[in-house]
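run20.txt, holding compact mmCIF, N, CA and C atoms and all ligand atoms:
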# COMPACT_ATOMS: atom_id res chain seq x y z
N MET M 94 3.85 18.40 3.68
CA MET M 94 4.85 18.25 4.73
C MET M 94 4.25 17.49 5.93
N SER M 95 5.06 16.67 6.52
CA SER M 95 4.57 15.85 7.65
C SER M 95 4.33 16.73 8.89
N ASN M 96 3.29 16.42 9.62
CA ASN M 96 2.98 17.17 10.84
C ASN M 96 2.52 16.19 11.93
N ILE M 97 3.50 15.61 12.60
CA ILE M 97 3.19 14.63 13.65
C ILE M 97 2.82 15.37 14.94
N GLU M 98 1.63 15.03 15.46
CA GLU M 98 1.14 15.64 16.71
C GLU M 98 0.79 14.54 17.71
N LYS M 99 0.65 14.99 18.95
CA LYS M 99 0.10 14.12 20.00
C LYS M 99 -1.24 14.71 20.44
N THR M 100 -2.15 13.84 20.86
CA THR M 100 -3.42 14.32 21.40
C THR M 100 -3.85 13.41 22.54
N LEU M 101 -4.77 13.91 23.36
CA LEU M 101 -5.28 13.10 24.47
C LEU M 101 -6.65 12.54 24.11
N SER M 102 -6.81 11.25 24.37
CA SER M 102 -8.10 10.59 24.17
C SER M 102 -8.51 9.95 25.49
N ILE M 103 -9.80 9.99 25.76
CA ILE M 103 -10.35 9.28 26.92
C ILE M 103 -11.48 8.38 26.45
N ILE M 104 -11.44 7.11 26.88
CA ILE M 104 -12.60 6.24 26.71
C ILE M 104 -13.44 6.40 27.97
N LYS M 105 -14.66 6.91 27.79
CA LYS M 105 -15.51 7.31 28.92
C LYS M 105 -16.18 6.08 29.57
N PRO M 106 -16.74 6.27 30.78
CA PRO M 106 -17.28 5.12 31.52
C PRO M 106 -18.29 4.27 30.74
N ASP M 107 -19.13 4.89 29.93
CA ASP M 107 -20.15 4.08 29.23
C ASP M 107 -19.50 3.04 28.33
N ALA M 108 -18.39 3.41 27.69
CA ALA M 108 -17.73 2.49 26.76
C ALA M 108 -16.86 1.48 27.50
N VAL M 109 -16.20 1.90 28.58
CA VAL M 109 -15.40 0.96 29.37
C VAL M 109 -16.32 -0.12 29.95
N GLU M 110 -17.46 0.32 30.50
CA GLU M 110 -18.43 -0.63 31.08
C GLU M 110 -18.93 -1.66 30.07
N ARG M 111 -19.08 -1.23 28.82
CA ARG M 111 -19.59 -2.14 27.78
C ARG M 111 -18.46 -2.91 27.08
N ASN M 112 -17.27 -2.89 27.71
CA ASN M 112 -16.12 -3.66 27.18
C ASN M 112 -15.74 -3.27 25.75
N LEU M 113 -15.81 -1.97 25.48
CA LEU M 113 -15.47 -1.48 24.14
C LEU M 113 -14.04 -0.98 24.03
N THR M 114 -13.27 -1.11 25.11
CA THR M 114 -11.91 -0.55 25.13
C THR M 114 -11.06 -1.08 23.97
N GLU M 115 -11.03 -2.39 23.78
CA GLU M 115 -10.18 -2.95 22.73
C GLU M 115 -10.66 -2.52 21.35
N ASP M 116 -11.97 -2.52 21.14
CA ASP M 116 -12.52 -2.11 19.83
C ASP M 116 -12.13 -0.66 19.53
N ILE M 117 -12.23 0.21 20.52
CA ILE M 117 -11.92 1.63 20.29
C ILE M 117 -10.41 1.81 20.09
N LYS M 118 -9.61 1.11 20.87
CA LYS M 118 -8.15 1.18 20.65
C LYS M 118 -7.79 0.71 19.24
N ASN M 119 -8.40 -0.38 18.80
CA ASN M 119 -8.11 -0.89 17.46
C ASN M 119 -8.57 0.08 16.38
N PHE M 120 -9.65 0.79 16.66
CA PHE M 120 -10.14 1.79 15.70
C PHE M 120 -9.08 2.87 15.48
N PHE M 121 -8.45 3.31 16.57
CA PHE M 121 -7.38 4.31 16.44
C PHE M 121 -6.19 3.72 15.66
N ILE M 122 -5.78 2.52 16.06
CA ILE M 122 -4.60 1.89 15.44
C ILE M 122 -4.86 1.67 13.95
N ASP M 123 -6.04 1.18 13.62
CA ASP M 123 -6.39 0.90 12.22
C ASP M 123 -6.46 2.19 11.38
N ASN M 124 -6.62 3.31 12.07
CA ASN M 124 -6.69 4.60 11.37
C ASN M 124 -5.43 5.44 11.61
N ASP M 125 -4.32 4.76 11.79
CA ASP M 125 -2.99 5.40 11.79
C ASP M 125 -2.70 6.31 12.98
N LEU M 126 -3.37 6.08 14.10
CA LEU M 126 -2.98 6.77 15.34
C LEU M 126 -2.34 5.74 16.26
N GLU M 127 -1.13 6.03 16.66
CA GLU M 127 -0.40 5.12 17.55
C GLU M 127 -0.74 5.46 19.00
N ILE M 128 -0.92 4.45 19.84
CA ILE M 128 -1.19 4.67 21.27
C ILE M 128 0.15 4.64 22.01
N LEU M 129 0.62 5.83 22.39
CA LEU M 129 1.94 5.91 23.03
C LEU M 129 1.88 5.53 24.50
N SER M 130 0.78 5.90 25.16
CA SER M 130 0.59 5.59 26.58
C SER M 130 -0.88 5.34 26.80
N SER M 131 -1.18 4.49 27.78
CA SER M 131 -2.56 4.18 28.11
C SER M 131 -2.64 3.75 29.55
N LYS M 132 -3.62 4.27 30.28
CA LYS M 132 -3.81 3.77 31.65
C LYS M 132 -5.29 3.84 32.01
N LYS M 133 -5.67 2.90 32.86
CA LYS M 133 -7.05 2.86 33.35
C LYS M 133 -7.07 3.54 34.71
N ILE M 134 -7.96 4.52 34.88
CA ILE M 134 -8.04 5.24 36.15
C ILE M 134 -9.51 5.45 36.51
N HIS M 135 -9.74 5.86 37.75
CA HIS M 135 -11.09 6.26 38.18
C HIS M 135 -10.93 7.61 38.87
N MET M 136 -11.38 8.66 38.22
CA MET M 136 -11.20 10.01 38.75
C MET M 136 -12.20 10.31 39.86
N SER M 137 -11.77 11.13 40.79
CA SER M 137 -12.72 11.69 41.76
C SER M 137 -13.51 12.79 41.06
N LYS M 138 -14.61 13.19 41.66
CA LYS M 138 -15.39 14.28 41.06
C LYS M 138 -14.57 15.57 41.02
N GLU M 139 -13.72 15.77 42.04
CA GLU M 139 -12.87 16.97 42.08
C GLU M 139 -11.90 16.97 40.90
N GLU M 140 -11.31 15.82 40.62
CA GLU M 140 -10.37 15.73 39.48
C GLU M 140 -11.10 15.96 38.16
N ALA M 141 -12.29 15.37 38.03
CA ALA M 141 -13.06 15.56 36.79
C ALA M 141 -13.44 17.03 36.62
N SER M 142 -13.76 17.69 37.72
CA SER M 142 -14.14 19.11 37.68
C SER M 142 -12.96 19.98 37.25
N GLU M 143 -11.77 19.58 37.69
CA GLU M 143 -10.55 20.30 37.29
C GLU M 143 -10.29 20.06 35.79
N PHE M 144 -10.40 18.82 35.37
CA PHE M 144 -10.14 18.49 33.97
C PHE M 144 -11.08 19.25 33.03
N TYR M 145 -12.36 19.33 33.40
CA TYR M 145 -13.37 19.93 32.52
C TYR M 145 -13.67 21.39 32.87
N LYS M 146 -12.74 22.05 33.57
CA LYS M 146 -13.09 23.40 34.07
C LYS M 146 -13.36 24.42 32.97
N VAL M 147 -12.89 24.18 31.73
CA VAL M 147 -13.25 25.09 30.62
C VAL M 147 -14.77 25.15 30.44
N HIS M 148 -15.47 24.13 30.93
CA HIS M 148 -16.92 24.07 30.76
C HIS M 148 -17.68 24.51 32.02
N GLN M 149 -16.96 25.14 32.96
CA GLN M 149 -17.61 25.36 34.27
C GLN M 149 -18.85 26.26 34.21
N ALA M 150 -18.94 27.11 33.19
CA ALA M 150 -20.12 27.98 33.09
C ALA M 150 -21.29 27.30 32.37
N LYS M 151 -21.07 26.12 31.83
CA LYS M 151 -22.11 25.46 31.03
C LYS M 151 -23.14 24.77 31.92
N PRO M 152 -24.38 24.73 31.44
CA PRO M 152 -25.44 24.08 32.25
C PRO M 152 -25.19 22.59 32.49
N PHE M 153 -24.42 21.94 31.61
CA PHE M 153 -24.20 20.50 31.75
C PHE M 153 -22.95 20.15 32.57
N TYR M 154 -22.25 21.19 33.10
CA TYR M 154 -20.96 20.96 33.76
C TYR M 154 -21.03 19.97 34.93
N ASP M 155 -21.97 20.18 35.83
CA ASP M 155 -22.01 19.33 37.02
C ASP M 155 -22.30 17.87 36.65
N ASP M 156 -23.28 17.67 35.77
CA ASP M 156 -23.60 16.31 35.33
C ASP M 156 -22.42 15.67 34.62
N LEU M 157 -21.72 16.46 33.82
CA LEU M 157 -20.56 15.96 33.08
C LEU M 157 -19.47 15.45 34.04
N CYS M 158 -19.21 16.24 35.08
CA CYS M 158 -18.17 15.86 36.05
C CYS M 158 -18.61 14.66 36.89
N THR M 159 -19.87 14.61 37.25
CA THR M 159 -20.41 13.44 37.97
C THR M 159 -20.26 12.20 37.09
N TYR M 160 -20.61 12.36 35.82
CA TYR M 160 -20.54 11.22 34.89
C TYR M 160 -19.11 10.73 34.68
N LEU M 161 -18.19 11.64 34.43
CA LEU M 161 -16.81 11.22 34.12
C LEU M 161 -16.15 10.54 35.32
N SER M 162 -16.64 10.86 36.51
CA SER M 162 -16.08 10.24 37.73
C SER M 162 -16.92 9.05 38.20
N SER M 163 -17.87 8.62 37.39
CA SER M 163 -18.81 7.56 37.82
C SER M 163 -18.25 6.15 37.63
N GLY M 164 -17.15 6.01 36.91
CA GLY M 164 -16.61 4.68 36.66
C GLY M 164 -15.20 4.78 36.10
N SER M 165 -14.64 3.63 35.75
CA SER M 165 -13.29 3.61 35.20
C SER M 165 -13.27 4.23 33.80
N ILE M 166 -12.17 4.88 33.51
CA ILE M 166 -11.93 5.44 32.18
C ILE M 166 -10.54 5.02 31.72
N ILE M 167 -10.31 5.09 30.41
CA ILE M 167 -8.99 4.82 29.86
C ILE M 167 -8.47 6.13 29.28
N VAL M 168 -7.34 6.61 29.78
CA VAL M 168 -6.73 7.82 29.22
C VAL M 168 -5.53 7.42 28.37
N MET M 169 -5.45 8.02 27.19
CA MET M 169 -4.42 7.60 26.23
C MET M 169 -3.78 8.82 25.56
N VAL M 170 -2.50 8.69 25.26
CA VAL M 170 -1.82 9.65 24.39
C VAL M 170 -1.76 9.01 23.00
N LEU M 171 -2.32 9.69 22.02
CA LEU M 171 -2.30 9.22 20.63
C LEU M 171 -1.31 10.07 19.85
N GLU M 172 -0.62 9.46 18.91
CA GLU M 172 0.32 10.19 18.08
C GLU M 172 0.12 9.81 16.62
N GLY M 173 0.22 10.81 15.76
CA GLY M 173 0.13 10.54 14.33
C GLY M 173 0.06 11.84 13.55
N GLU M 174 -0.09 11.70 12.25
CA GLU M 174 -0.19 12.84 11.35
C GLU M 174 -1.44 13.67 11.71
N ASN M 175 -1.25 14.95 12.01
CA ASN M 175 -2.37 15.82 12.40
C ASN M 175 -3.28 15.16 13.44
N ALA M 176 -2.67 14.57 14.47
CA ALA M 176 -3.41 13.71 15.40
C ALA M 176 -4.61 14.40 16.05
N VAL M 177 -4.51 15.70 16.33
CA VAL M 177 -5.63 16.37 17.01
C VAL M 177 -6.87 16.34 16.13
N SER M 178 -6.74 16.81 14.90
CA SER M 178 -7.92 16.84 14.02
C SER M 178 -8.27 15.44 13.52
N ALA M 179 -7.27 14.59 13.33
CA ALA M 179 -7.55 13.22 12.89
C ALA M 179 -8.40 12.50 13.94
N ASN M 180 -8.05 12.68 15.21
CA ASN M 180 -8.82 12.04 16.29
C ASN M 180 -10.24 12.60 16.35
N ARG M 181 -10.37 13.92 16.22
CA ARG M 181 -11.71 14.53 16.26
C ARG M 181 -12.58 13.98 15.14
N LYS M 182 -11.98 13.74 13.98
CA LYS M 182 -12.72 13.19 12.85
C LYS M 182 -13.15 11.75 13.13
N LEU M 183 -12.25 10.97 13.70
CA LEU M 183 -12.60 9.58 14.03
C LEU M 183 -13.66 9.51 15.12
N MET M 184 -13.68 10.50 16.04
CA MET M 184 -14.67 10.52 17.13
C MET M 184 -16.07 10.79 16.59
N GLY M 185 -16.20 11.75 15.68
CA GLY M 185 -17.51 12.19 15.21
C GLY M 185 -18.11 13.27 16.08
N ALA M 186 -19.26 13.77 15.70
CA ALA M 186 -19.90 14.90 16.39
C ALA M 186 -20.22 14.57 17.84
N THR M 187 -20.26 15.62 18.68
CA THR M 187 -20.52 15.47 20.12
C THR M 187 -21.77 14.64 20.38
N ASN M 188 -22.84 14.93 19.63
CA ASN M 188 -24.08 14.16 19.78
C ASN M 188 -24.05 12.98 18.79
N PRO M 189 -24.03 11.75 19.30
CA PRO M 189 -23.95 10.58 18.41
C PRO M 189 -24.99 10.60 17.29
N LYS M 190 -26.14 11.23 17.55
CA LYS M 190 -27.19 11.32 16.52
C LYS M 190 -26.72 12.09 15.29
N ASP M 191 -25.81 13.05 15.52
CA ASP M 191 -25.31 13.89 14.42
C ASP M 191 -23.99 13.40 13.84
N ALA M 192 -23.44 12.33 14.41
CA ALA M 192 -22.11 11.86 13.99
C ALA M 192 -22.17 11.16 12.64
N GLU M 193 -21.11 11.34 11.87
CA GLU M 193 -20.98 10.68 10.57
C GLU M 193 -20.89 9.16 10.75
N PRO M 194 -21.32 8.40 9.72
CA PRO M 194 -21.15 6.95 9.78
C PRO M 194 -19.69 6.57 9.97
N ASN M 195 -19.46 5.43 10.59
CA ASN M 195 -18.11 4.90 10.82
C ASN M 195 -17.23 5.85 11.64
N THR M 196 -17.86 6.54 12.60
CA THR M 196 -17.11 7.27 13.63
C THR M 196 -17.39 6.58 14.96
N ILE M 197 -16.51 6.81 15.93
CA ILE M 197 -16.66 6.12 17.23
C ILE M 197 -17.99 6.46 17.88
N ARG M 198 -18.36 7.73 17.83
CA ARG M 198 -19.61 8.11 18.51
C ARG M 198 -20.83 7.57 17.77
N LYS M 199 -20.76 7.47 16.44
CA LYS M 199 -21.88 6.88 15.71
C LYS M 199 -21.98 5.39 16.01
N LEU M 200 -20.80 4.72 16.02
CA LEU M 200 -20.80 3.27 16.23
C LEU M 200 -21.19 2.90 17.67
N TYR M 201 -20.71 3.68 18.65
CA TYR M 201 -20.80 3.24 20.04
C TYR M 201 -21.52 4.20 20.98
N GLY M 202 -21.65 5.48 20.61
CA GLY M 202 -22.23 6.46 21.54
C GLY M 202 -23.70 6.16 21.82
N ILE M 203 -24.12 6.50 23.03
CA ILE M 203 -25.51 6.24 23.45
C ILE M 203 -26.32 7.54 23.41
N SER M 204 -25.69 8.63 23.82
CA SER M 204 -26.39 9.91 23.95
C SER M 204 -25.35 11.02 24.00
N ILE M 205 -25.80 12.27 24.04
CA ILE M 205 -24.84 13.39 24.03
C ILE M 205 -23.92 13.35 25.26
N ASP M 206 -24.40 12.85 26.37
CA ASP M 206 -23.51 12.77 27.54
C ASP M 206 -22.71 11.46 27.54
N LYS M 207 -23.37 10.36 27.20
CA LYS M 207 -22.67 9.06 27.14
C LYS M 207 -22.20 8.83 25.71
N ASN M 208 -21.23 9.66 25.30
CA ASN M 208 -20.79 9.62 23.90
C ASN M 208 -19.42 8.94 23.74
N SER M 209 -19.08 8.11 24.69
CA SER M 209 -17.99 7.10 24.60
C SER M 209 -16.56 7.60 24.61
N VAL M 210 -16.30 8.79 24.07
CA VAL M 210 -14.91 9.27 24.01
C VAL M 210 -14.81 10.78 24.22
N HIS M 211 -13.64 11.17 24.73
CA HIS M 211 -13.21 12.58 24.75
C HIS M 211 -11.99 12.69 23.86
N GLY M 212 -11.83 13.84 23.21
CA GLY M 212 -10.60 14.10 22.47
C GLY M 212 -10.26 15.57 22.54
N SER M 213 -8.97 15.88 22.68
CA SER M 213 -8.53 17.28 22.72
C SER M 213 -9.00 18.01 21.47
N ASP M 214 -9.31 19.31 21.64
CA ASP M 214 -9.85 20.07 20.50
C ASP M 214 -8.84 21.01 19.83
N SER M 215 -7.61 21.07 20.37
CA SER M 215 -6.56 21.90 19.75
C SER M 215 -5.21 21.37 20.21
N VAL M 216 -4.17 21.75 19.50
CA VAL M 216 -2.82 21.32 19.87
C VAL M 216 -2.47 21.85 21.26
N GLU M 217 -2.85 23.10 21.51
CA GLU M 217 -2.57 23.72 22.81
C GLU M 217 -3.27 22.96 23.95
N ASN M 218 -4.56 22.65 23.76
CA ASN M 218 -5.28 21.91 24.80
C ASN M 218 -4.78 20.48 24.91
N ALA M 219 -4.33 19.89 23.81
CA ALA M 219 -3.77 18.53 23.86
C ALA M 219 -2.56 18.52 24.80
N LYS M 220 -1.69 19.52 24.69
CA LYS M 220 -0.51 19.58 25.57
C LYS M 220 -0.93 19.67 27.03
N LYS M 221 -1.91 20.55 27.31
CA LYS M 221 -2.38 20.72 28.70
C LYS M 221 -3.00 19.43 29.22
N GLU M 222 -3.82 18.78 28.36
CA GLU M 222 -4.54 17.59 28.81
C GLU M 222 -3.60 16.39 28.99
N ILE M 223 -2.60 16.27 28.11
CA ILE M 223 -1.61 15.19 28.28
C ILE M 223 -0.85 15.41 29.58
N ASN M 224 -0.48 16.64 29.84
CA ASN M 224 0.25 16.96 31.07
C ASN M 224 -0.60 16.72 32.32
N PHE M 225 -1.91 16.90 32.18
CA PHE M 225 -2.83 16.68 33.31
C PHE M 225 -2.76 15.22 33.78
N PHE M 226 -2.71 14.30 32.83
CA PHE M 226 -2.75 12.87 33.18
C PHE M 226 -1.39 12.19 33.20
N PHE M 227 -0.45 12.70 32.41
CA PHE M 227 0.84 12.02 32.27
C PHE M 227 1.97 13.00 32.58
N LYS M 228 2.15 13.26 33.86
CA LYS M 228 3.26 14.14 34.25
C LYS M 228 4.52 13.29 34.38
N ASP M 229 5.57 13.73 33.71
CA ASP M 229 6.82 12.95 33.78
C ASP M 229 7.58 13.25 35.07
O1 LIG C 1 -16.56 16.27 23.65
P1 LIG C 1 -16.69 17.40 22.67
O2 LIG C 1 -15.43 18.22 22.53
O3 LIG C 1 -17.23 16.93 21.34
O4 LIG C 1 -17.84 18.36 23.22
P2 LIG C 1 -17.76 19.61 24.24
O5 LIG C 1 -18.62 20.66 23.70
O6 LIG C 1 -16.34 19.95 24.55
O7 LIG C 1 -18.47 19.04 25.55
C1 LIG C 1 -17.78 18.20 26.44
C2 LIG C 1 -18.69 17.04 26.81
O8 LIG C 1 -19.80 17.56 27.53
C3 LIG C 1 -19.31 16.30 25.62
O9 LIG C 1 -18.47 15.28 25.10
C4 LIG C 1 -20.55 15.73 26.24
O10 LIG C 1 -20.29 14.49 26.89
C5 LIG C 1 -20.95 16.75 27.28
N1 LIG C 1 -22.07 17.60 26.81
C6 LIG C 1 -23.32 17.38 27.32
O11 LIG C 1 -23.52 16.49 28.15
N2 LIG C 1 -24.38 18.17 26.90
C7 LIG C 1 -24.18 19.14 25.98
N3 LIG C 1 -25.23 19.88 25.58
C8 LIG C 1 -22.92 19.36 25.44
C9 LIG C 1 -21.85 18.57 25.89
MG MG C 2 -14.44 19.38 23.93
For this file, produce the structure as structure tokens.
Ligand code: CDP
Ligand code: MG
Amino acid sequence: MSNIEKTLSIIKPDAVERNLTEDIKNFFIDNDLEILSSKKIHMSKEEASEFYKVHQAKPFYDDLCTYLSSGSIIVMVLEGENAVSANRKLMGATNPKDAEPNTIRKLYGISIDKNSVHGSDSVENAKKEINFFFKD
């Protein structure tokens, strides 16, 4: 049975800076995820801290928020069959060193922090994250 979902994807500053936006967008399109909305923004550290607040107890939280607000990012709504898990599969493991071949993080990630993309980890979080950036 068909299960069309939406998920939130972010192209992080390391990838935007290296002009990988089009390559990453095409990777999604070529793998059956449609880009419904896309915008380039530059978050303040406060906004990044709000977005990543699920990680506030983690030792990497402050660096993560500083990093995500360090440059322009592309936020996108992706749609497709099982889009949440499909996107996570296309992204690859959090640490590019552990990512499967032909995943975004394996192809483009530099390190565990500069890992080129964010993707929602559940349907529930996808709804919250889409609403965070794209309020109608
Ligand atoms: O992004 P993903 O869902 O794969 O990983 P996460 O566990 O939700 O962590 C969010 C982000 O924090 C990661 O994408 C990394 O950029 C960063 N992180 C880090 O810098 N150091 C870690 N040990 C774990 C995560
Ligand atoms: Mg996550």
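Minimum distance to Asn208 in chain M across M:Ile117, M:Ile104, M:Leu183, M:Leu171 (counting only C-alpha atoms) occurs at M:Ile104.
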Once you count all atoms listed in the file, what closest atom pair and distance in Å to one decimal does each residue of range 193-225 of chain M within 8 Å of range 143-158 of chain M have, with rows by chain and rising residue number, as CSV?
residue,atom,partner,partner_atom,distance
M:Asp206,CA,M:Leu157,CA,7.0
M:Glu222,CA,M:Phe144,CA,7.7
M:Phe225,CA,M:Phe144,CA,7.6
Please save N, CA and C atoms of the selected residues as a tab-separated table (two decimals), in the coordinates of the input.
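out36.tsv, written as the output of this step:
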chain	number	residue	atom	x	y	z
M	206	ASP	N	-24.40	12.85	26.37
M	206	ASP	CA	-23.51	12.77	27.54
M	206	ASP	C	-22.71	11.46	27.54
M	222	GLU	N	-3.82	18.78	28.36
M	222	GLU	CA	-4.54	17.59	28.81
M	222	GLU	C	-3.60	16.39	28.99
M	225	PHE	N	-1.91	16.90	32.18
M	225	PHE	CA	-2.83	16.68	33.31
M	225	PHE	C	-2.76	15.22	33.78
field: chain M: residues DSSP assigns to strand (DSSP E), reported as a PyMOL selection string
entry: chain M and resi 97-104+127-134+166-174+210-212
Keeping only N, CA and C atoms, write the selected residues to a file as a PDB file, in the coordinates of the input.
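selection.pdb written:
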ATOM      1  N   ILE M  97       3.500  15.610  12.600  1.00  0.00           N
ATOM      2  CA  ILE M  97       3.190  14.630  13.650  1.00  0.00           C
ATOM      3  C   ILE M  97       2.820  15.370  14.940  1.00  0.00           C
ATOM      4  N   GLU M  98       1.630  15.030  15.460  1.00  0.00           N
ATOM      5  CA  GLU M  98       1.140  15.640  16.710  1.00  0.00           C
ATOM      6  C   GLU M  98       0.790  14.540  17.710  1.00  0.00           C
ATOM      7  N   LYS M  99       0.650  14.990  18.950  1.00  0.00           N
ATOM      8  CA  LYS M  99       0.100  14.120  20.000  1.00  0.00           C
ATOM      9  C   LYS M  99      -1.240  14.710  20.440  1.00  0.00           C
ATOM     10  N   THR M 100      -2.150  13.840  20.860  1.00  0.00           N
ATOM     11  CA  THR M 100      -3.420  14.320  21.400  1.00  0.00           C
ATOM     12  C   THR M 100      -3.850  13.410  22.540  1.00  0.00           C
ATOM     13  N   LEU M 101      -4.770  13.910  23.360  1.00  0.00           N
ATOM     14  CA  LEU M 101      -5.280  13.100  24.470  1.00  0.00           C
ATOM     15  C   LEU M 101      -6.650  12.540  24.110  1.00  0.00           C
ATOM     16  N   SER M 102      -6.810  11.250  24.370  1.00  0.00           N
ATOM     17  CA  SER M 102      -8.100  10.590  24.170  1.00  0.00           C
ATOM     18  C   SER M 102      -8.510   9.950  25.490  1.00  0.00           C
ATOM     19  N   ILE M 103      -9.800   9.990  25.760  1.00  0.00           N
ATOM     20  CA  ILE M 103     -10.350   9.280  26.920  1.00  0.00           C
ATOM     21  C   ILE M 103     -11.480   8.380  26.450  1.00  0.00           C
ATOM     22  N   ILE M 104     -11.440   7.110  26.880  1.00  0.00           N
ATOM     23  CA  ILE M 104     -12.600   6.240  26.710  1.00  0.00           C
ATOM     24  C   ILE M 104     -13.440   6.400  27.970  1.00  0.00           C
ATOM     25  N   GLU M 127      -1.130   6.030  16.660  1.00  0.00           N
ATOM     26  CA  GLU M 127      -0.400   5.120  17.550  1.00  0.00           C
ATOM     27  C   GLU M 127      -0.740   5.460  19.000  1.00  0.00           C
ATOM     28  N   ILE M 128      -0.920   4.450  19.840  1.00  0.00           N
ATOM     29  CA  ILE M 128      -1.190   4.670  21.270  1.00  0.00           C
ATOM     30  C   ILE M 128       0.150   4.640  22.010  1.00  0.00           C
ATOM     31  N   LEU M 129       0.620   5.830  22.390  1.00  0.00           N
ATOM     32  CA  LEU M 129       1.940   5.910  23.030  1.00  0.00           C
ATOM     33  C   LEU M 129       1.880   5.530  24.500  1.00  0.00           C
ATOM     34  N   SER M 130       0.780   5.900  25.160  1.00  0.00           N
ATOM     35  CA  SER M 130       0.590   5.590  26.580  1.00  0.00           C
ATOM     36  C   SER M 130      -0.880   5.340  26.800  1.00  0.00           C
ATOM     37  N   SER M 131      -1.180   4.490  27.780  1.00  0.00           N
ATOM     38  CA  SER M 131      -2.560   4.180  28.110  1.00  0.00           C
ATOM     39  C   SER M 131      -2.640   3.750  29.550  1.00  0.00           C
ATOM     40  N   LYS M 132      -3.620   4.270  30.280  1.00  0.00           N
ATOM     41  CA  LYS M 132      -3.810   3.770  31.650  1.00  0.00           C
ATOM     42  C   LYS M 132      -5.290   3.840  32.010  1.00  0.00           C
ATOM     43  N   LYS M 133      -5.670   2.900  32.860  1.00  0.00           N
ATOM     44  CA  LYS M 133      -7.050   2.860  33.350  1.00  0.00           C
ATOM     45  C   LYS M 133      -7.070   3.540  34.710  1.00  0.00           C
ATOM     46  N   ILE M 134      -7.960   4.520  34.880  1.00  0.00           N
ATOM     47  CA  ILE M 134      -8.040   5.240  36.150  1.00  0.00           C
ATOM     48  C   ILE M 134      -9.510   5.450  36.510  1.00  0.00           C
ATOM     49  N   ILE M 166     -12.170   4.880  33.510  1.00  0.00           N
ATOM     50  CA  ILE M 166     -11.930   5.440  32.180  1.00  0.00           C
ATOM     51  C   ILE M 166     -10.540   5.020  31.720  1.00  0.00           C
ATOM     52  N   ILE M 167     -10.310   5.090  30.410  1.00  0.00           N
ATOM     53  CA  ILE M 167      -8.990   4.820  29.860  1.00  0.00           C
ATOM     54  C   ILE M 167      -8.470   6.130  29.280  1.00  0.00           C
ATOM     55  N   VAL M 168      -7.340   6.610  29.780  1.00  0.00           N
ATOM     56  CA  VAL M 168      -6.730   7.820  29.220  1.00  0.00           C
ATOM     57  C   VAL M 168      -5.530   7.420  28.370  1.00  0.00           C
ATOM     58  N   MET M 169      -5.450   8.020  27.190  1.00  0.00           N
ATOM     59  CA  MET M 169      -4.420   7.600  26.230  1.00  0.00           C
ATOM     60  C   MET M 169      -3.780   8.820  25.560  1.00  0.00           C
ATOM     61  N   VAL M 170      -2.500   8.690  25.260  1.00  0.00           N
ATOM     62  CA  VAL M 170      -1.820   9.650  24.390  1.00  0.00           C
ATOM     63  C   VAL M 170      -1.760   9.010  23.000  1.00  0.00           C
ATOM     64  N   LEU M 171      -2.320   9.690  22.020  1.00  0.00           N
ATOM     65  CA  LEU M 171      -2.300   9.220  20.630  1.00  0.00           C
ATOM     66  C   LEU M 171      -1.310  10.070  19.850  1.00  0.00           C
ATOM     67  N   GLU M 172      -0.620   9.460  18.910  1.00  0.00           N
ATOM     68  CA  GLU M 172       0.320  10.190  18.080  1.00  0.00           C
ATOM     69  C   GLU M 172       0.120   9.810  16.620  1.00  0.00           C
ATOM     70  N   GLY M 173       0.220  10.810  15.760  1.00  0.00           N
ATOM     71  CA  GLY M 173       0.130  10.540  14.330  1.00  0.00           C
ATOM     72  C   GLY M 173       0.060  11.840  13.550  1.00  0.00           C
ATOM     73  N   GLU M 174      -0.090  11.700  12.250  1.00  0.00           N
ATOM     74  CA  GLU M 174      -0.190  12.840  11.350  1.00  0.00           C
ATOM     75  C   GLU M 174      -1.440  13.670  11.710  1.00  0.00           C
ATOM     76  N   VAL M 210     -16.300   8.790  24.070  1.00  0.00           N
ATOM     77  CA  VAL M 210     -14.910   9.270  24.010  1.00  0.00           C
ATOM     78  C   VAL M 210     -14.810  10.780  24.220  1.00  0.00           C
ATOM     79  N   HIS M 211     -13.640  11.170  24.730  1.00  0.00           N
ATOM     80  CA  HIS M 211     -13.210  12.580  24.750  1.00  0.00           C
ATOM     81  C   HIS M 211     -11.990  12.690  23.860  1.00  0.00           C
ATOM     82  N   GLY M 212     -11.830  13.840  23.210  1.00  0.00           N
ATOM     83  CA  GLY M 212     -10.600  14.100  22.470  1.00  0.00           C
ATOM     84  C   GLY M 212     -10.260  15.570  22.540  1.00  0.00           C
TER      85      GLY M 212
END
Environment of ligand MG 2 (chain C) within 10 Å, counting only C-alpha atoms and all ligand atoms, reported as a compact mmCIF listing (two decimals) with N, CA and C atoms, in the frame of the given file:
# COMPACT_ATOMS: atom_id res chain seq x y z
N TYR M 145 -12.36 19.33 33.40
CA TYR M 145 -13.37 19.93 32.52
C TYR M 145 -13.67 21.39 32.87
N VAL M 147 -12.89 24.18 31.73
CA VAL M 147 -13.25 25.09 30.62
C VAL M 147 -14.77 25.15 30.44
N HIS M 148 -15.47 24.13 30.93
CA HIS M 148 -16.92 24.07 30.76
C HIS M 148 -17.68 24.51 32.02
N ARG M 181 -10.37 13.92 16.22
CA ARG M 181 -11.71 14.53 16.26
C ARG M 181 -12.58 13.98 15.14
N THR M 187 -20.26 15.62 18.68
CA THR M 187 -20.52 15.47 20.12
C THR M 187 -21.77 14.64 20.38
N HIS M 211 -13.64 11.17 24.73
CA HIS M 211 -13.21 12.58 24.75
C HIS M 211 -11.99 12.69 23.86
N GLY M 212 -11.83 13.84 23.21
CA GLY M 212 -10.60 14.10 22.47
C GLY M 212 -10.26 15.57 22.54
N SER M 213 -8.97 15.88 22.68
CA SER M 213 -8.53 17.28 22.72
C SER M 213 -9.00 18.01 21.47
N ASP M 214 -9.31 19.31 21.64
CA ASP M 214 -9.85 20.07 20.50
C ASP M 214 -8.84 21.01 19.83
N SER M 215 -7.61 21.07 20.37
CA SER M 215 -6.56 21.90 19.75
C SER M 215 -5.21 21.37 20.21
N ASN M 218 -4.56 22.65 23.76
CA ASN M 218 -5.28 21.91 24.80
C ASN M 218 -4.78 20.48 24.91
